[in-house]
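One file, start17.txt, carrying compact mmCIF, C-alpha atoms and all ligand atoms:
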# COMPACT_ATOMS: atom_id res chain seq x y z
CA MET A 1 -3.55 9.75 -22.44
CA LEU A 2 -2.21 9.45 -18.91
CA GLU A 3 0.20 6.74 -20.02
CA ILE A 4 1.67 9.17 -22.55
CA TYR A 5 1.77 11.99 -20.00
CA LYS A 6 3.61 9.84 -17.45
CA ARG A 7 6.40 9.15 -19.97
CA LEU A 8 7.07 12.84 -20.65
CA PRO A 9 9.61 14.76 -18.55
CA GLY A 10 6.85 16.76 -16.85
CA THR A 11 8.89 19.97 -16.84
CA ASN A 12 6.39 22.02 -18.96
CA CYS A 13 9.33 23.67 -20.70
CA LYS A 14 7.15 24.52 -23.78
CA LYS A 15 9.92 23.59 -26.26
CA CYS A 16 7.34 21.51 -28.18
CA GLY A 17 5.20 24.64 -28.64
CA GLU A 18 2.47 23.49 -26.25
CA THR A 19 1.71 25.19 -22.96
CA SER A 20 2.39 22.08 -20.88
CA CYS A 21 3.33 18.42 -21.06
CA MET A 22 -0.33 17.61 -20.43
CA ALA A 23 -1.47 19.62 -23.46
CA PHE A 24 1.23 17.91 -25.55
CA ALA A 25 0.15 14.44 -24.32
CA LEU A 26 -3.45 15.17 -25.35
CA LYS A 27 -2.31 16.05 -28.87
CA VAL A 28 -0.20 12.89 -29.11
CA LYS A 29 -3.25 10.92 -28.00
CA ALA A 30 -5.34 12.65 -30.68
CA VAL A 31 -2.67 11.82 -33.30
CA GLN A 32 -2.04 15.52 -33.88
CA ARG A 33 1.56 15.32 -32.66
CA ARG A 34 4.21 12.61 -32.45
CA ILE A 35 5.79 11.87 -29.09
CA SER A 36 9.21 12.40 -30.71
CA GLU A 37 8.32 16.09 -31.16
CA CYS A 38 9.20 16.49 -27.50
CA PRO A 39 12.97 16.97 -27.80
CA TYR A 40 13.52 14.85 -24.71
CA MET A 41 11.78 11.77 -26.10
CA ALA A 42 13.20 9.19 -28.51
CA ASP A 43 11.14 8.48 -31.64
CA THR A 44 9.48 5.13 -31.06
CA GLY A 45 7.46 5.41 -34.26
CA GLU A 46 4.27 4.96 -32.28
CA ALA A 47 1.08 6.93 -32.59
CA SER A 48 -2.18 6.60 -30.73
CA SER A 49 -5.07 4.97 -32.57
CA ALA A 50 -7.58 7.12 -30.73
CA ASN A 51 -8.90 10.13 -32.52
CA GLU A 52 -10.22 12.39 -29.81
CA PRO A 53 -10.85 16.05 -30.40
CA VAL A 54 -8.66 18.42 -28.40
CA GLY A 55 -10.51 21.36 -26.89
CA SER A 56 -9.72 24.10 -24.38
CA ALA A 57 -7.30 23.69 -21.50
CA GLU A 58 -10.27 23.22 -19.13
CA ASP A 59 -11.62 20.47 -21.44
CA SER A 60 -8.19 18.83 -21.24
CA TYR A 61 -8.09 18.97 -17.45
CA SER A 62 -11.65 17.69 -17.20
CA HIS A 63 -10.73 14.84 -19.57
CA VAL A 64 -7.72 13.90 -17.44
CA ALA A 65 -9.75 14.19 -14.22
CA ASN A 66 -12.37 11.81 -15.67
CA GLU A 67 -9.68 9.31 -16.68
CA MET A 68 -8.17 9.45 -13.22
CA GLU A 69 -11.60 9.04 -11.62
CA GLU A 70 -12.13 5.88 -13.66
CA GLU A 71 -8.74 4.55 -12.54
CA VAL A 72 -9.55 5.30 -8.89
CA ARG A 73 -12.95 3.57 -9.21
CA ASN A 74 -11.10 0.39 -10.17
CA THR A 75 -8.81 0.64 -7.13
CA ASP A 76 -9.33 -1.34 -3.94
CA LEU A 77 -9.98 1.65 -1.70
CA LYS A 78 -10.15 -0.48 1.44
CA GLY A 79 -6.50 -1.43 1.02
CA VAL A 80 -5.45 2.10 0.10
CA ALA A 81 -7.27 4.10 2.82
CA PRO A 82 -4.91 3.35 5.77
CA ALA A 83 -1.80 4.12 3.66
CA ILE A 84 -3.07 7.60 2.75
CA GLY A 85 -4.65 8.53 6.09
CA ALA A 86 -8.24 8.25 4.83
CA ASP A 87 -11.36 6.72 6.43
CA PHE A 88 -13.02 3.88 4.58
CA GLU A 89 -16.68 2.88 4.43
CA VAL A 90 -18.96 0.86 2.18
CA VAL A 91 -22.10 2.86 1.26
CA ASP A 92 -24.89 1.08 -0.67
CA GLY A 93 -22.43 -1.64 -1.59
CA VAL A 94 -19.89 0.85 -3.02
CA GLN A 95 -16.49 1.63 -1.51
CA CYS A 96 -16.13 5.18 -0.26
CA ILE A 97 -13.27 7.07 1.37
CA ARG A 98 -13.08 10.32 3.32
CA LEU A 99 -10.07 12.53 3.86
CA ALA A 100 -9.22 16.16 4.57
CA LEU A 101 -7.90 18.46 1.84
CA LEU A 102 -6.57 21.66 3.44
CA ASN A 103 -8.73 20.89 6.47
CA ARG A 104 -11.88 20.60 4.33
CA PRO A 105 -13.66 17.24 4.25
CA CYS A 106 -13.50 15.41 0.93
CA GLU A 107 -15.43 12.28 0.12
CA LEU A 108 -14.96 9.98 -2.81
CA ARG A 109 -18.35 8.34 -3.53
CA LYS A 110 -19.80 6.43 -6.44
CA GLU A 111 -21.16 9.74 -7.85
CA GLY A 112 -17.66 11.27 -7.82
CA LEU A 113 -15.75 13.58 -5.51
CA PHE A 114 -17.47 15.80 -2.92
CA GLU A 115 -15.65 18.68 -1.27
CA GLY A 116 -17.17 20.32 1.83
CA GLY A 117 -20.39 18.34 1.15
CA GLU A 118 -20.81 19.65 -2.44
CA GLN A 119 -20.03 17.79 -5.65
CA CYS A 120 -16.60 18.98 -6.77
CA ARG A 121 -16.53 20.62 -10.22
CA ASP A 122 -12.91 21.81 -10.01
CA SER A 123 -10.83 19.59 -12.30
CA TRP A 124 -7.58 20.50 -10.51
CA VAL A 125 -8.96 19.54 -7.09
CA LYS A 126 -10.19 16.25 -8.58
CA MET A 127 -6.82 15.52 -10.19
CA ILE A 128 -5.00 16.27 -6.93
CA VAL A 129 -7.21 13.97 -4.85
CA TYR A 130 -7.29 11.19 -7.47
CA ASP A 131 -3.51 11.29 -7.93
CA TYR A 132 -3.07 11.10 -4.16
CA VAL A 133 -5.40 8.08 -3.96
CA ARG A 134 -4.06 6.18 -6.97
CA ARG A 135 -0.44 6.48 -5.75
CA LYS A 136 -1.59 4.48 -2.70
CA GLY A 137 0.89 6.03 -0.26
CA GLY A 138 3.42 3.40 0.56
CA ALA A 139 6.26 5.70 1.68
CA PRO A 140 6.57 6.66 5.33
CA VAL A 141 6.50 10.37 6.16
CA THR A 142 10.17 11.00 7.00
CA GLY A 143 10.06 14.14 9.14
CA ASP A 144 12.76 15.70 6.89
CA TRP A 145 11.60 19.14 5.70
CA VAL A 146 12.73 20.12 2.21
CA ALA A 147 12.04 22.85 -0.36
CA PHE A 148 10.59 21.98 -3.79
CA ASP A 149 13.98 22.11 -5.47
CA HIS A 150 15.03 19.08 -3.39
CA PHE A 151 13.00 16.85 -5.73
CA PRO A 152 14.49 15.72 -9.04
CA ARG A 153 12.70 16.90 -12.20
CA THR A 154 10.64 19.54 -10.44
CA PRO A 155 9.26 21.79 -13.20
CA SER A 156 10.98 25.18 -13.15
CA HIS A 157 7.65 27.05 -12.94
CA ILE A 158 6.89 25.24 -9.68
CA LYS A 159 10.23 26.24 -8.18
CA ALA A 160 9.53 29.82 -9.29
CA PHE A 161 6.04 29.60 -7.81
CA GLN A 162 7.48 28.64 -4.41
CA LYS A 163 9.49 31.85 -4.35
CA THR A 164 6.44 33.95 -5.36
CA ALA A 165 4.26 32.19 -2.78
CA GLU A 166 6.82 32.75 -0.01
CA ASP A 167 7.04 36.46 -0.85
CA GLU A 168 3.22 36.78 -0.89
CA LEU A 169 2.94 35.01 2.45
CA ALA A 170 5.67 37.17 4.01
CA SER A 171 3.95 40.34 2.83
CA ALA A 172 0.50 39.23 4.10
CA PHE A 173 2.00 38.08 7.40
CA ASP A 174 3.84 41.37 7.86
CA GLN A 175 0.75 43.53 7.19
CA ASP A 176 -1.68 41.90 9.62
CA ARG A 177 -0.11 39.16 11.66
CA ALA A 178 -3.12 38.48 13.95
CA SER A 179 -5.63 37.80 11.16
CA PHE A 180 -3.03 35.89 9.16
CA GLU A 181 -2.39 33.55 12.09
CA ALA A 182 -6.17 33.15 12.55
CA ARG A 183 -6.52 32.08 8.89
CA LEU A 184 -3.70 29.56 9.32
CA VAL A 185 -5.52 28.11 12.34
CA GLN A 186 -8.71 27.88 10.21
CA GLN A 187 -6.68 25.80 7.75
CA GLY A 188 -5.86 23.44 10.61
CA SER A 189 -2.32 24.61 11.37
CA THR A 190 -0.58 24.06 14.69
CA GLN A 191 2.26 26.24 15.92
CA GLU A 192 5.67 24.59 16.00
CA HIS A 193 8.67 25.38 18.15
CA GLY A 194 11.49 23.78 16.20
CA GLN A 195 15.24 24.10 16.44
CA ILE A 196 15.47 26.76 13.73
CA ARG A 197 14.58 30.14 15.17
CA ALA A 198 11.70 31.90 13.45
CA ASP A 199 9.20 34.54 14.59
CA TYR A 200 6.37 32.18 13.72
CA SER A 201 6.46 28.58 12.64
CA CYS A 202 3.51 26.29 12.00
CA ARG A 203 2.67 22.96 10.45
CA LEU A 204 -0.46 21.90 8.63
CA ASP A 205 -1.58 19.02 6.46
CA LEU A 206 -2.20 19.76 2.79
CA LEU A 207 -3.49 16.18 2.60
CA PRO A 208 -3.32 13.63 5.47
CA ARG A 209 0.18 12.39 4.54
CA ILE A 210 1.49 15.63 3.03
CA PRO A 211 2.47 18.00 5.84
CA LEU A 212 3.66 21.53 5.10
CA LEU A 213 5.92 23.62 7.34
CA LEU A 214 5.73 27.41 7.19
CA ARG A 215 8.36 29.61 8.82
CA PHE A 216 8.08 33.38 9.05
CA TRP A 217 10.67 35.99 10.06
CA ALA A 218 9.45 39.54 10.70
CA ALA A 219 11.16 42.54 9.09
CA ASP A 220 13.96 44.17 11.04
CA ASP A 221 16.30 47.11 10.44
CA GLU A 222 18.41 45.05 8.08
CA PHE A 223 16.09 42.62 6.26
CA PRO A 224 12.50 42.66 4.95
CA ALA A 225 9.99 40.09 6.24
CA SER A 226 10.50 36.63 4.78
CA CYS A 227 8.79 33.30 4.70
CA LYS A 228 9.86 29.77 3.79
CA LEU A 229 7.75 26.76 2.89
CA PHE A 230 8.88 23.16 3.32
CA VAL A 231 7.26 19.81 2.59
CA ASP A 232 8.22 16.37 3.84
CA SER A 233 10.86 14.65 1.71
CA SER A 234 8.31 11.88 0.99
CA ALA A 235 5.83 14.34 -0.64
CA ASN A 236 6.68 13.36 -4.23
CA GLN A 237 5.77 9.75 -3.41
CA TYR A 238 2.25 10.87 -2.55
CA LEU A 239 1.62 13.43 -5.30
CA ASP A 240 2.96 14.45 -8.71
CA MET A 241 4.98 17.68 -8.36
CA GLU A 242 2.63 19.52 -10.74
CA PHE A 243 -0.31 18.68 -8.48
CA LEU A 244 1.69 19.46 -5.33
CA GLY A 245 2.42 22.92 -6.76
CA HIS A 246 -1.30 23.51 -7.39
CA LEU A 247 -2.17 22.32 -3.91
CA VAL A 248 0.31 24.75 -2.32
CA GLU A 249 -1.09 27.49 -4.57
CA LYS A 250 -4.60 26.72 -3.27
CA PHE A 251 -3.29 26.95 0.30
CA VAL A 252 -1.56 30.29 -0.38
CA LYS A 253 -4.70 31.75 -1.99
CA GLY A 254 -6.72 30.58 1.02
CA VAL A 255 -4.57 32.41 3.56
CA THR A 256 -3.70 35.57 1.59
CA ARG A 257 -7.18 36.28 0.17
S1 LIG A 301 8.92 19.82 -24.93
FE1 LIG A 301 8.54 17.91 -23.81
S2 LIG A 301 9.05 18.44 -21.71
FE2 LIG A 301 8.78 20.38 -22.78
S3 LIG A 301 6.57 20.91 -22.50
FE3 LIG A 301 6.73 19.80 -24.40
S4 LIG A 301 6.30 17.70 -23.81
FE4 LIG A 301 6.82 18.76 -21.93
Once you've parsed the file, please lay out its structure as structure tokens.
Amino acid sequence: MLEIYKRLPGTNCKKCGETSCMAFALKVKAVQRRISECPYMADTGEASSANEPVGSAEDSYSHVANEMEEEVRNTDLKGVAPAIGADFEVVDGVQCIRLALLNRPCELRKEGLFEGGEQCRDSWVKMIVYDYVRRKGGAPVTGDWVAFDHFPRTPSHIKAFQKTAEDELASAFDQDRASFEARLVQQGSTQEHGQIRADYSCRLDLLPRIPLLLRFWAADDEFPASCKLFVDSSANQYLDMEFLGHLVEKFVKGVTR
């Protein structure tokens, strides 16, 4: 199914009548749709031989997470760990890696993914970590901060989400700056003093090689409070944009709760 998904544009435009490219890929895999029904794909005449039932969206995500877990299990984690900023260990003869997701410890063991010491049941968290691992890093972090729309083929809903997230952050920051800054510190952020003037600027790691920069400007007589989020220009090498959007959403929920 993932092979089909990777070939689709990934824009989730819904022109095929499905809610997302992932949902469409599952139906192609289950021979319920043809890949040519996506208007952006040429008809290759192919159809999957598998005949898997298609259930709820959560079933779909769980299915994809399991496929990705299998792929990661067959990856040489020892070689990958240094490229993605993870620690490597062999436990009971099985390769294991540890990394921080939004400053929370994550461990990939033979039993699956553990987040904060507990077995992770969240399919989106699993997909994010597995996609990060299976991409194997390989691109240096550039130090160039960019907005989501810098990346080609970023789904429009993710660009829209960035705007919503920035507005939510600005509003939360404006209402109670002290506790907001404390929550950012809990997420592992460090204050930055860059060249662009802002009332508050901090950096934190969404994942070890995916830094995020947050800049906040307080309201004044002329303008309301505003906030801007930037990621490193290498971010799309480390994570699919769909997963990057979900990861930023998780961060925003964590600090505006
Ligand atoms: S029409 Fe194609 S690009 Fe749009 S959601 Fe469907 S599969 Fe994705």
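Remark: for ligand LIG 301 (chain A), the closest of the candidate residues A:Val64, A:Met1, A:Ala172, A:Met41 is A:Met41 (distances computed over all atoms listed in the file).
Coordinates place atom CA of A:Ile158 at a distance of 24.4 Å from atom CA of A:Gly138.
Closest approach to A:Arg215 among A:Arg134, A:Glu242, A:Trp145, A:Ala235: A:Trp145, based on all atoms listed in the file.
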Close residues, A:Gly254 itself excluded, 9 Å, all atoms listed in the file, min 2 positions apart in chain, as a PyMOL selection string: chain A and resi 183-184+187+249-252+256-257
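Shortest atom-to-atom contact with A:Met22 among A:Tyr61, A:Trp124, A:Phe230, A:Tyr40: A:Tyr61, counting all atoms listed in the file.
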Contacts of A:Cys38 within 10 Å, only C-alpha atoms, excl. fewer than 4 positions in-chain, as a VMD selection string: chain A and resid 8 to 9 13 to 18 21 24 to 25 33 to 34 42 to 43
Writer output for current selection, C-alpha atoms, as an mmCIF file, in the coordinates of the input:
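Saved to out03.cif:
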data_model
loop_
_atom_site.group_PDB
_atom_site.id
_atom_site.type_symbol
_atom_site.label_atom_id
_atom_site.label_comp_id
_atom_site.auth_asym_id
_atom_site.auth_seq_id
_atom_site.Cartn_x
_atom_site.Cartn_y
_atom_site.Cartn_z
ATOM 1 C CA LEU A 8 7.070 12.840 -20.650
ATOM 2 C CA PRO A 9 9.610 14.760 -18.550
ATOM 3 C CA CYS A 13 9.330 23.670 -20.700
ATOM 4 C CA LYS A 14 7.150 24.520 -23.780
ATOM 5 C CA LYS A 15 9.920 23.590 -26.260
ATOM 6 C CA CYS A 16 7.340 21.510 -28.180
ATOM 7 C CA GLY A 17 5.200 24.640 -28.640
ATOM 8 C CA GLU A 18 2.470 23.490 -26.250
ATOM 9 C CA CYS A 21 3.330 18.420 -21.060
ATOM 10 C CA PHE A 24 1.230 17.910 -25.550
ATOM 11 C CA ALA A 25 0.150 14.440 -24.320
ATOM 12 C CA ARG A 33 1.560 15.320 -32.660
ATOM 13 C CA ARG A 34 4.210 12.610 -32.450
ATOM 14 C CA ALA A 42 13.200 9.190 -28.510
ATOM 15 C CA ASP A 43 11.140 8.480 -31.640
#
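Our summary of the geometry notes that atom CA of A:Asp144 is positioned 14.6 Å from atom CA of A:Glu192.
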Among the residues A:Gln191, A:Arg109, A:Ser156, A:Glu67, the one that comes closest to ligand LIG 301 (chain A) [using only C-alpha atoms and all ligand atoms]: A:Ser156
Who sits within 12 Å of A:Glu71, only C-alpha atoms, same chain under 6 positions skipped, as an NGL selection string: :A and (2-3 or 64-65 or 77 or 127 or 130-131 or 133-135)
Store the residues of this selection in a file with C-alpha atoms, as a PDB file, in the coordinates of the input.
ATOM      1  CA  LEU A   2      -2.210   9.450 -18.910  1.00  0.00           C
ATOM      2  CA  GLU A   3       0.200   6.740 -20.020  1.00  0.00           C
ATOM      3  CA  VAL A  64      -7.720  13.900 -17.440  1.00  0.00           C
ATOM      4  CA  ALA A  65      -9.750  14.190 -14.220  1.00  0.00           C
ATOM      5  CA  LEU A  77      -9.980   1.650  -1.700  1.00  0.00           C
ATOM      6  CA  MET A 127      -6.820  15.520 -10.190  1.00  0.00           C
ATOM      7  CA  TYR A 130      -7.290  11.190  -7.470  1.00  0.00           C
ATOM      8  CA  ASP A 131      -3.510  11.290  -7.930  1.00  0.00           C
ATOM      9  CA  VAL A 133      -5.400   8.080  -3.960  1.00  0.00           C
ATOM     10  CA  ARG A 134      -4.060   6.180  -6.970  1.00  0.00           C
ATOM     11  CA  ARG A 135      -0.440   6.480  -5.750  1.00  0.00           C
TER      12      ARG A 135
END
Nearest to A:Arg197 by atom-to-atom distance, counting only C-alpha atoms, from A:Ala30, A:Phe216, A:Ser226, A:Asp176: A:Phe216
Which of A:Val255, A:Ile128, A:Cys202, A:Leu101 sits closest to A:Ser179 [using all atoms listed in the file]: A:Val255
Shell around A:Gly188 at 10 Å using only C-alpha atoms, local window under 5 positions removed, as a count of residues only: 10
Residues within 12 Å of A:Ala160, all atoms listed in the file, excluding chain neighbours under 3 positions, as a list in words: Ala147, Phe148, Asp149, Thr154, Pro155, Ser156, His157, Lys163, Thr164, Ala165, Glu166, Asp167, Gly245 and Glu249 of chain A
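With atom CA of A:Phe88 on one side and atom CA of A:Glu107 on the other, the separation reads 9.8 Å.
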